[in-house]
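Enquirer: Got a structure for you, coords_1.cif, holding mmCIF, C-alpha atoms.
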```
data_data
loop_
_atom_site.label_atom_id
_atom_site.label_comp_id
_atom_site.auth_asym_id
_atom_site.auth_seq_id
_atom_site.Cartn_x
_atom_site.Cartn_y
_atom_site.Cartn_z
CA PHE A 17 -22.65 -4.22 13.34
CA TYR A 18 -20.78 -3.06 16.43
CA LEU A 19 -17.39 -4.62 17.09
CA VAL A 20 -15.66 -4.53 20.49
CA HIS A 21 -12.21 -4.70 18.95
CA SER A 22 -8.63 -5.57 19.91
CA ILE A 23 -9.45 -7.04 23.33
CA ARG A 24 -6.67 -8.20 25.65
CA GLN A 25 -7.09 -9.52 29.18
CA GLN A 26 -6.34 -6.28 31.03
CA VAL A 27 -8.57 -4.26 28.74
CA TRP A 28 -11.27 -6.90 29.07
CA ASP A 29 -11.23 -6.80 32.89
CA ARG A 30 -11.63 -3.03 32.72
CA MET A 31 -14.52 -3.30 30.24
CA VAL A 32 -16.35 -5.73 32.49
CA SER A 33 -15.86 -3.42 35.48
CA TYR A 34 -17.45 -0.63 33.42
CA ASN A 35 -20.56 -2.80 32.80
CA LEU A 36 -19.92 -3.47 29.12
CA SER A 37 -23.01 -5.69 28.89
CA ASP A 38 -25.28 -2.80 29.96
CA PHE A 39 -23.70 -0.55 27.35
CA LEU A 40 -24.22 -3.15 24.62
CA ASP A 41 -27.80 -3.83 25.70
CA LYS A 42 -28.64 -0.14 25.53
CA ALA A 43 -27.00 0.23 22.11
CA VAL A 44 -29.13 -2.62 20.75
CA GLN A 45 -32.32 -1.45 22.46
CA SER A 46 -31.85 2.04 21.05
CA GLY A 47 -31.98 0.64 17.53
CA ARG A 48 -28.57 2.07 16.63
CA VAL A 49 -26.98 -1.40 16.68
CA SER A 50 -28.41 -4.68 15.40
CA HIS A 51 -25.47 -7.07 15.81
CA VAL A 52 -22.78 -6.98 18.51
CA GLY A 53 -19.45 -8.77 18.11
CA PHE A 54 -15.98 -9.05 19.64
CA SER A 55 -12.40 -9.30 18.38
CA PRO A 56 -9.84 -10.69 20.86
CA HIS A 57 -6.04 -10.72 20.62
CA ASP A 58 -5.08 -12.91 23.55
CA ILE A 59 -4.75 -16.48 24.79
CA PRO A 60 -7.56 -19.07 24.37
CA GLU A 61 -8.65 -18.69 28.01
CA THR A 62 -9.39 -14.99 27.46
CA TYR A 63 -11.25 -15.84 24.27
CA GLN A 64 -13.42 -18.26 26.22
CA GLN A 65 -14.16 -15.66 28.93
CA ILE A 66 -15.29 -13.14 26.34
CA MET A 67 -17.34 -15.68 24.39
CA ASP A 68 -19.25 -16.72 27.52
CA TYR A 69 -19.85 -13.16 28.72
CA TYR A 70 -22.57 -11.98 26.33
CA ASP A 71 -25.02 -13.14 23.68
CA TRP A 72 -22.76 -12.10 20.81
CA SER A 73 -23.89 -12.16 17.19
CA PHE A 74 -20.42 -12.55 15.68
CA ASN A 75 -16.71 -12.51 16.36
CA GLN A 76 -13.60 -11.56 14.42
CA HIS A 77 -10.23 -13.30 14.66
CA VAL A 78 -7.01 -13.98 12.76
CA CYS A 79 -7.73 -16.73 10.23
CA ASN A 80 -5.18 -17.95 7.69
CA TYR A 81 -3.58 -21.28 6.85
CA TYR A 82 -0.32 -20.44 8.65
CA ASP A 83 -1.73 -19.16 11.97
CA ILE A 84 -4.07 -22.05 12.78
CA ASN A 85 -2.84 -22.20 16.40
CA PHE A 86 -2.15 -18.49 16.98
CA GLN A 87 -4.03 -16.96 19.95
CA ALA A 88 -7.44 -18.72 20.06
CA GLY A 89 -6.65 -20.43 16.74
CA MET A 90 -9.04 -22.47 14.65
CA ARG A 91 -10.12 -24.35 17.78
CA GLY A 92 -11.53 -21.14 19.28
CA ILE A 93 -13.11 -20.14 15.98
CA ARG A 94 -14.92 -23.48 15.82
CA GLN A 95 -16.07 -23.15 19.42
CA SER A 96 -17.68 -19.80 18.60
CA ALA A 97 -19.43 -21.35 15.60
CA LEU A 98 -21.04 -23.89 17.94
CA LYS A 99 -22.66 -20.89 19.64
CA ASP A 100 -24.17 -19.94 16.27
CA MET A 101 -22.05 -16.81 15.86
CA GLY A 102 -21.12 -15.32 12.53
CA PHE A 103 -17.37 -15.18 11.94
CA VAL A 104 -15.24 -12.48 10.32
CA ALA A 105 -11.84 -13.77 9.13
CA MET A 106 -9.10 -11.17 9.51
CA GLU A 107 -5.51 -11.33 8.21
CA PRO A 108 -6.34 -13.98 5.58
CA LEU A 109 -3.01 -13.20 3.88
CA MET A 110 -1.03 -12.34 7.05
CA GLY A 111 -0.86 -8.73 5.94
CA GLY A 112 0.13 -9.77 2.40
CA ILE A 113 2.94 -12.09 3.51
CA LEU A 114 1.25 -15.25 2.18
CA ALA A 115 0.79 -13.47 -1.14
CA ASN A 116 4.38 -12.46 -1.79
CA GLN A 117 6.83 -14.21 0.54
CA LEU A 118 6.40 -17.93 -0.11
CA PRO A 119 9.74 -19.71 -0.68
CA PRO A 120 10.33 -21.54 -4.01
CA GLU A 121 9.75 -25.00 -2.52
CA ALA A 122 6.32 -23.91 -1.26
CA LEU A 123 5.41 -22.48 -4.65
CA ASP A 124 6.52 -25.77 -6.25
CA VAL A 125 4.01 -27.65 -4.09
CA LEU A 126 1.15 -25.37 -5.18
CA ASN A 127 2.18 -25.48 -8.85
CA ALA A 128 2.41 -29.28 -8.76
CA THR A 129 -1.38 -29.43 -8.31
CA GLY A 130 -1.76 -28.18 -11.88
CA ILE A 131 -4.12 -25.45 -10.68
CA LYS A 132 -3.30 -21.97 -11.98
CA ARG A 133 -3.83 -19.84 -8.90
CA SER A 134 -1.76 -17.07 -7.32
CA PRO A 135 -0.39 -17.53 -3.77
CA ALA A 136 -2.91 -14.93 -2.58
CA ALA A 137 -5.74 -16.84 -4.26
CA TRP A 138 -4.60 -20.08 -2.60
CA ALA A 139 -4.64 -18.37 0.80
CA PHE A 140 -8.12 -16.94 0.26
CA ARG A 141 -9.34 -20.26 -1.10
CA TRP A 142 -8.33 -21.94 2.16
CA VAL A 143 -10.08 -19.27 4.25
CA TRP A 144 -13.30 -19.54 2.27
CA ASP A 145 -13.14 -23.32 2.62
CA GLN A 146 -13.56 -23.04 6.39
CA PRO A 147 -17.29 -23.50 7.06
CA GLU A 148 -17.22 -21.07 10.00
CA VAL A 149 -16.26 -18.09 7.80
CA SER A 150 -19.06 -15.63 7.05
CA VAL A 151 -16.92 -12.70 5.88
CA ALA A 152 -13.26 -12.34 4.95
CA ILE A 153 -11.67 -8.91 5.23
CA SER A 154 -8.58 -7.81 3.36
CA GLY A 155 -6.53 -4.65 2.96
CA MET A 156 -6.50 -3.90 -0.77
CA ASN A 157 -4.62 -1.11 -2.52
CA ARG A 158 -5.01 -2.04 -6.20
CA MET A 159 -8.03 -2.78 -8.37
CA ASP A 160 -6.66 -6.19 -9.38
CA HIS A 161 -6.49 -7.13 -5.67
CA LEU A 162 -10.18 -6.32 -5.32
CA GLU A 163 -11.08 -8.25 -8.47
CA GLU A 164 -9.08 -11.29 -7.30
CA ASN A 165 -10.78 -11.24 -3.89
CA LEU A 166 -14.20 -11.07 -5.51
CA ARG A 167 -13.36 -14.05 -7.73
CA GLN A 168 -12.34 -16.12 -4.72
CA ALA A 169 -15.50 -15.17 -2.84
CA LYS A 170 -17.65 -16.23 -5.80
CA GLU A 171 -15.93 -19.63 -5.91
CA SER A 172 -16.37 -20.21 -2.17
CA ASP A 173 -19.41 -22.47 -2.60
CA MET A 174 -17.16 -25.10 -4.21
CA PRO A 175 -15.20 -27.02 -1.53
CA MET A 176 -11.48 -27.58 -1.92
CA SER A 177 -10.45 -31.03 -3.14
CA ALA A 178 -8.43 -33.39 -0.97
CA ASP A 179 -5.38 -32.67 -3.15
CA GLU A 180 -5.77 -28.92 -2.65
CA VAL A 181 -6.08 -29.29 1.13
CA ALA A 182 -3.03 -31.57 1.17
CA ALA A 183 -1.04 -28.99 -0.82
CA ILE A 184 -1.85 -26.25 1.69
CA ASP A 185 -0.98 -28.57 4.59
CA LYS A 186 2.38 -29.28 2.93
CA VAL A 187 3.07 -25.57 2.41
CA ARG A 188 2.31 -24.90 6.09
CA GLU A 189 4.67 -27.73 7.05
CA ILE A 190 7.44 -26.23 4.88
CA LEU A 191 6.97 -22.77 6.37
CA LYS A 192 6.85 -24.00 9.96
CA SER A 193 10.00 -26.08 9.43
CA LYS A 194 11.94 -22.92 8.58
CA GLY A 195 11.42 -21.43 12.05
CA PRO A 196 14.61 -21.67 14.14
CA ILE A 197 12.69 -22.72 17.31
CA LYS A 198 11.18 -26.14 16.67
CA CYS A 199 8.02 -25.53 18.67
CA SER A 200 5.16 -27.91 17.87
CA GLU A 201 2.58 -25.27 18.94
CA CYS A 202 0.80 -27.83 21.11
CA GLY A 203 -0.07 -25.26 23.79
CA GLY A 204 1.01 -27.60 26.58
CA CYS A 205 3.60 -25.35 28.23
CA SER A 206 2.92 -22.80 30.95
CA CYS A 207 5.00 -20.38 32.97
CA PRO A 208 4.51 -19.45 36.65
CA LYS A 209 5.47 -15.88 35.75
CA GLY A 210 2.86 -15.65 33.01
CA ILE A 211 5.19 -15.63 30.00
CA GLY A 212 3.30 -16.40 26.79
CA ILE A 213 5.78 -19.05 25.67
CA GLN A 214 4.00 -20.29 22.57
CA MET A 215 3.10 -16.77 21.43
CA CYS A 216 6.72 -15.62 21.86
CA PHE A 217 7.99 -18.56 19.82
CA GLU A 218 5.38 -18.13 17.08
CA MET A 219 6.22 -14.46 16.53
CA TYR A 220 9.96 -15.11 16.62
CA ASN A 221 9.67 -17.94 14.10
CA ALA A 222 7.31 -16.04 11.79
CA ASN A 223 9.75 -13.14 11.63
CA HIS A 224 12.62 -15.43 10.68
CA VAL A 225 10.56 -17.25 8.06
CA PHE A 226 9.04 -14.16 6.44
CA LYS A 227 11.57 -11.37 7.15
CA VAL A 228 9.21 -8.70 8.44
CA PRO A 229 11.07 -7.23 11.44
CA ALA A 230 9.07 -4.02 11.74
CA VAL A 231 5.73 -5.83 11.70
CA SER A 232 6.92 -8.56 14.06
CA HIS A 233 8.35 -6.09 16.56
CA HIS A 234 5.06 -4.16 16.61
CA SER A 235 3.10 -7.41 17.01
CA TYR A 236 5.35 -8.61 19.83
CA ARG A 237 5.11 -5.38 21.79
CA GLY A 238 1.35 -5.31 21.30
CA SER A 239 0.81 -8.91 22.40
CA VAL A 240 3.08 -9.31 25.43
CA LYS A 241 3.32 -6.84 28.28
CA ASN A 242 5.83 -6.78 31.11
CA GLU A 243 3.04 -6.09 33.60
CA GLY A 244 1.08 -9.16 32.43
CA PRO A 245 -1.05 -11.16 32.16
CA ILE A 246 0.78 -12.35 29.02
CA ARG A 247 4.37 -11.42 29.66
CA GLY A 248 7.30 -11.22 27.29
CA ALA A 249 10.32 -13.50 27.02
CA GLU A 250 12.49 -10.93 28.80
CA ASN A 251 10.73 -11.85 32.06
CA CYS A 252 12.11 -15.41 32.08
CA ASP A 253 14.24 -16.16 35.16
CA ALA A 254 15.27 -19.62 33.85
CA CYS A 255 13.50 -21.45 36.69
CA GLY A 256 13.09 -24.44 34.34
CA LYS A 257 9.55 -25.41 35.41
CA CYS A 258 8.43 -25.29 31.80
CA LYS A 259 11.02 -27.71 30.44
CA PRO A 260 9.36 -31.01 31.50
CA GLN A 261 6.13 -29.83 29.84
CA CYS A 262 7.61 -29.77 26.31
CA PRO A 263 6.83 -32.92 24.29
CA VAL A 264 9.64 -32.20 21.82
CA GLY A 265 12.26 -31.54 24.52
CA LEU A 266 12.95 -27.88 23.88
CA ASP A 267 15.21 -26.03 26.31
CA ILE A 268 12.51 -23.40 26.72
CA PRO A 269 14.45 -20.95 28.95
CA ALA A 270 17.35 -20.94 26.48
CA GLU A 271 14.99 -20.32 23.56
CA LEU A 272 13.18 -17.55 25.45
CA LYS A 273 16.54 -15.87 26.00
CA LYS A 274 17.00 -15.77 22.21
CA VAL A 275 13.55 -14.26 21.75
CA ALA A 276 14.15 -11.60 24.42
CA GLU A 277 17.48 -10.61 22.89
CA TYR A 278 15.99 -10.48 19.39
CA PHE A 279 13.02 -8.25 20.23
CA LYS A 280 15.06 -6.02 22.54
#
```
Please express what this file holds, its structure, as structure tokens.
Expert:
Amino acid sequence: FYLVHSIRQQVWDRMVSYNLSDFLDKAVQSGRVSHVGFSPHDIPETYQQIMDYYDWSFNQHVCNYYDINFQAGMRGIRQSALKDMGFVAMEPLMGGILANQLPPEALDVLNATGIKRSPAAWAFRWVWDQPEVSVAISGMNRMDHLEENLRQAKESDMPMSADEVAAIDKVREILKSKGPIKCSECGGCSCPKGIGIQMCFEMYNANHVFKVPAVSHHSYRGSVKNEGPIRGAENCDACGKCKPQCPVGLDIPAELKKVAEYFK
């Protein structure tokens, strides 16, 4: 398995100019590689470009019950499954956050089901319940983590009940409601200067919900670049062209100003 990893638009354009498809063909023809895959970290349009570029065997993407609209989101994951690709789910626990940072009201929802399951197990259970998932990867540093992950994998043939799915949906709703910017994550806004509005808001909100400033700052700087094509909130000139696009009436330039100041 050969993974073309951590692709963003600028890197992708460079790869294409270097004849990536020829390189991959030769690697497969040589017998050194049997399956070629890709792992993007960019907007859905970039995901689509990459997906259509080559006869990929699999792809890898963020997949957890909180980030269903992040980057390509579950929509992109399902599109790749229609092309008969295998799928590797990364960040099933958001780097451990969904295992140890759920607020009490979210834990109450899970406990009300009567099912004795840790927050980490609930998160993995949701990932394994997605029919597109072939493999779930997780950073583990204790033996009990490994044993728990193996248990969840073994139970993956049994679909989640409607009550379990509803509980996870409610937990997501609780977590999203705690973000200070009330973005609906519809993906309908765009910026003439290329600012990744939804991505900026998602990272800002996630940091305020989960209190992980170091991780969020690294993620923000890795995802948005001042030279584009996905630019950071600090590039907003308050032109206001995005405001009519928001179905929930956000003052997007004002909110972007908060994001820019925060990550500065």
Enquirer: Using all atoms listed in the file, which residues sit within 9 Å of Trp142 of chain A once same-chain residues fewer than 3 positions away are excluded, as a short mmCIF file (atom, residue, chain, number, x, y, z; two decimals) with C-alpha atoms, in the frame of the given file?
Expert:
```
data_model
loop_
_atom_site.label_atom_id
_atom_site.label_comp_id
_atom_site.auth_asym_id
_atom_site.auth_seq_id
_atom_site.Cartn_x
_atom_site.Cartn_y
_atom_site.Cartn_z
CA ASN A 80 -5.18 -17.95 7.69
CA TYR A 81 -3.58 -21.28 6.85
CA PRO A 108 -6.34 -13.98 5.58
CA ALA A 137 -5.74 -16.84 -4.26
CA TRP A 138 -4.60 -20.08 -2.60
CA ALA A 139 -4.64 -18.37 0.80
CA ASP A 145 -13.14 -23.32 2.62
CA GLN A 146 -13.56 -23.04 6.39
CA MET A 176 -11.48 -27.58 -1.92
CA GLU A 180 -5.77 -28.92 -2.65
CA VAL A 181 -6.08 -29.29 1.13
CA ILE A 184 -1.85 -26.25 1.69
#
```
Enquirer: Which residues, protein or nucleic acid, reach to within 10 Å of (-15.7, -12.8, 24.9) in the file's coordinates when using only C-alpha atoms, and can you give that as a CSV table (one decimal) with C-alpha atoms, keeping the file's coordinate frame?
Expert:
```
chain,number,residue,atom,x,y,z
A,20,VAL,CA,-15.7,-4.5,20.5
A,23,ILE,CA,-9.4,-7.0,23.3
A,28,TRP,CA,-11.3,-6.9,29.1
A,53,GLY,CA,-19.4,-8.8,18.1
A,54,PHE,CA,-16.0,-9.0,19.6
A,55,SER,CA,-12.4,-9.3,18.4
A,56,PRO,CA,-9.8,-10.7,20.9
A,61,GLU,CA,-8.6,-18.7,28.0
A,62,THR,CA,-9.4,-15.0,27.5
A,63,TYR,CA,-11.2,-15.8,24.3
A,64,GLN,CA,-13.4,-18.3,26.2
A,65,GLN,CA,-14.2,-15.7,28.9
A,66,ILE,CA,-15.3,-13.1,26.3
A,67,MET,CA,-17.3,-15.7,24.4
A,68,ASP,CA,-19.2,-16.7,27.5
A,69,TYR,CA,-19.8,-13.2,28.7
A,70,TYR,CA,-22.6,-12.0,26.3
A,71,ASP,CA,-25.0,-13.1,23.7
A,72,TRP,CA,-22.8,-12.1,20.8
A,75,ASN,CA,-16.7,-12.5,16.4
A,96,SER,CA,-17.7,-19.8,18.6
```
Enquirer: At most 10 Å is the cut-off: for each residue in segment 21-60 of chain A with any atom that close to an atom of segment 196-220 of chain A, write down the nearest atom pair and the distance in Å rounded to one decimal, counting only C-alpha atoms, chain first then increasing number, as a tab-separated table.
Expert:
```
residue	atom	partner	partner_atom	distance
A:Asp58	CA	A:Met215	CA	9.3
A:Ile59	CA	A:Gly212	CA	8.3
A:Pro60	CA	A:Gly203	CA	9.7
```
Enquirer: Ranking A:Phe39, A:Tyr34, A:Phe140, A:Phe74 by minimum distance to Val52 of chain A and counting all atoms listed in the file, which one comes first?
Expert: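 Closest to Val52 of chain A of all the choices is A:Phe74.
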Enquirer: Enumerate, as an MDAnalysis selection string, the residues matched when the PyMOL selection byres ((chain A and resi 77) around 6) is run on the file above.
Expert: chainID A and resid 55 76 78 105:106
Enquirer: Report, in Å with one decimal, the straight-line distance from atom CA of Asn116 of chain A to atom CA of Val225 of chain A.
Expert: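 Between atom CA of Asn116 of chain A and atom CA of Val225 of chain A the gap is 12.6 Å.
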Enquirer: Using only C-alpha atoms - which residues lie no farther than 10 Å from the point (15.1, -18.0, 28.6) in the file's frame? Write them as a ChimeraX atom specification.
Expert: /A:213,249-256,267-277
Enquirer: Could you turn the residues from that selection into a file that holds C-alpha atoms, as a JSON list (two decimals), in the coordinates of the input?
Expert:
```
[["chain", "number", "residue", "atom", "x", "y", "z"],
["A", 213, "ILE", "CA", 5.78, -19.05, 25.67],
["A", 249, "ALA", "CA", 10.32, -13.50, 27.02],
["A", 250, "GLU", "CA", 12.49, -10.93, 28.80],
["A", 251, "ASN", "CA", 10.73, -11.85, 32.06],
["A", 252, "CYS", "CA", 12.11, -15.41, 32.08],
["A", 253, "ASP", "CA", 14.24, -16.16, 35.16],
["A", 254, "ALA", "CA", 15.27, -19.62, 33.85],
["A", 255, "CYS", "CA", 13.50, -21.45, 36.69],
["A", 256, "GLY", "CA", 13.09, -24.44, 34.34],
["A", 267, "ASP", "CA", 15.21, -26.03, 26.31],
["A", 268, "ILE", "CA", 12.51, -23.40, 26.72],
["A", 269, "PRO", "CA", 14.45, -20.95, 28.95],
["A", 270, "ALA", "CA", 17.35, -20.94, 26.48],
["A", 271, "GLU", "CA", 14.99, -20.32, 23.56],
["A", 272, "LEU", "CA", 13.18, -17.55, 25.45],
["A", 273, "LYS", "CA", 16.54, -15.87, 26.00],
["A", 274, "LYS", "CA", 17.00, -15.77, 22.21],
["A", 275, "VAL", "CA", 13.55, -14.26, 21.75],
["A", 276, "ALA", "CA", 14.15, -11.60, 24.42],
["A", 277, "GLU", "CA", 17.48, -10.61, 22.89]]
```
Enquirer: Quick one: pull the distance between atom CA of Pro175 of chain A and atom CA of Leu98 of chain A, Å, one decimal.
Expert: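 Spanning atom CA of Pro175 of chain A to atom CA of Leu98 of chain A is a straight-line distance of 20.6 Å.
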Enquirer: Which polymer residues have any atom within 9 Å of an atom of segment 155-159 of chain A, counting all atoms listed in the file, with same-chain residues fewer than 6 positions away left out, as number ranges by chain?
Expert: A: 107, 111-112
Enquirer: Please write as a PyMOL selection string the full residue list that the PyMOL selection byres ((chain A and resi 120-136) around 10) yields on this file.
Expert: chain A and resi 108-109+112-119+137-141+161+164-165+168+179-180+182-184+186-191
Enquirer: Pick from A:Val149, A:Gln25, A:Asp160, A:Trp144: nearest to Asp173 of chain A, with only C-alpha atoms counted?
Expert: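 Looking only at the distances to Asp173 of chain A, the closest residue turns out to be A:Trp144.
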Enquirer: Please compute the atom CA of Val151 of chain A-atom CA of Phe103 of chain A distance, one decimal, in Å.
Expert: 6.6 Å
Enquirer: So for segment 50-55 of chain A, what box centre and size do we get, axis-aligned, 6 Å extra on each of the six sides, every listed atom, Å to one decimal, as lines of an AutoDock Vina configuration file?
Expert:
```
center_x = -20.4
center_y = -7.0
center_z = 17.5
size_x = 28.0
size_y = 16.6
size_z = 16.2
```
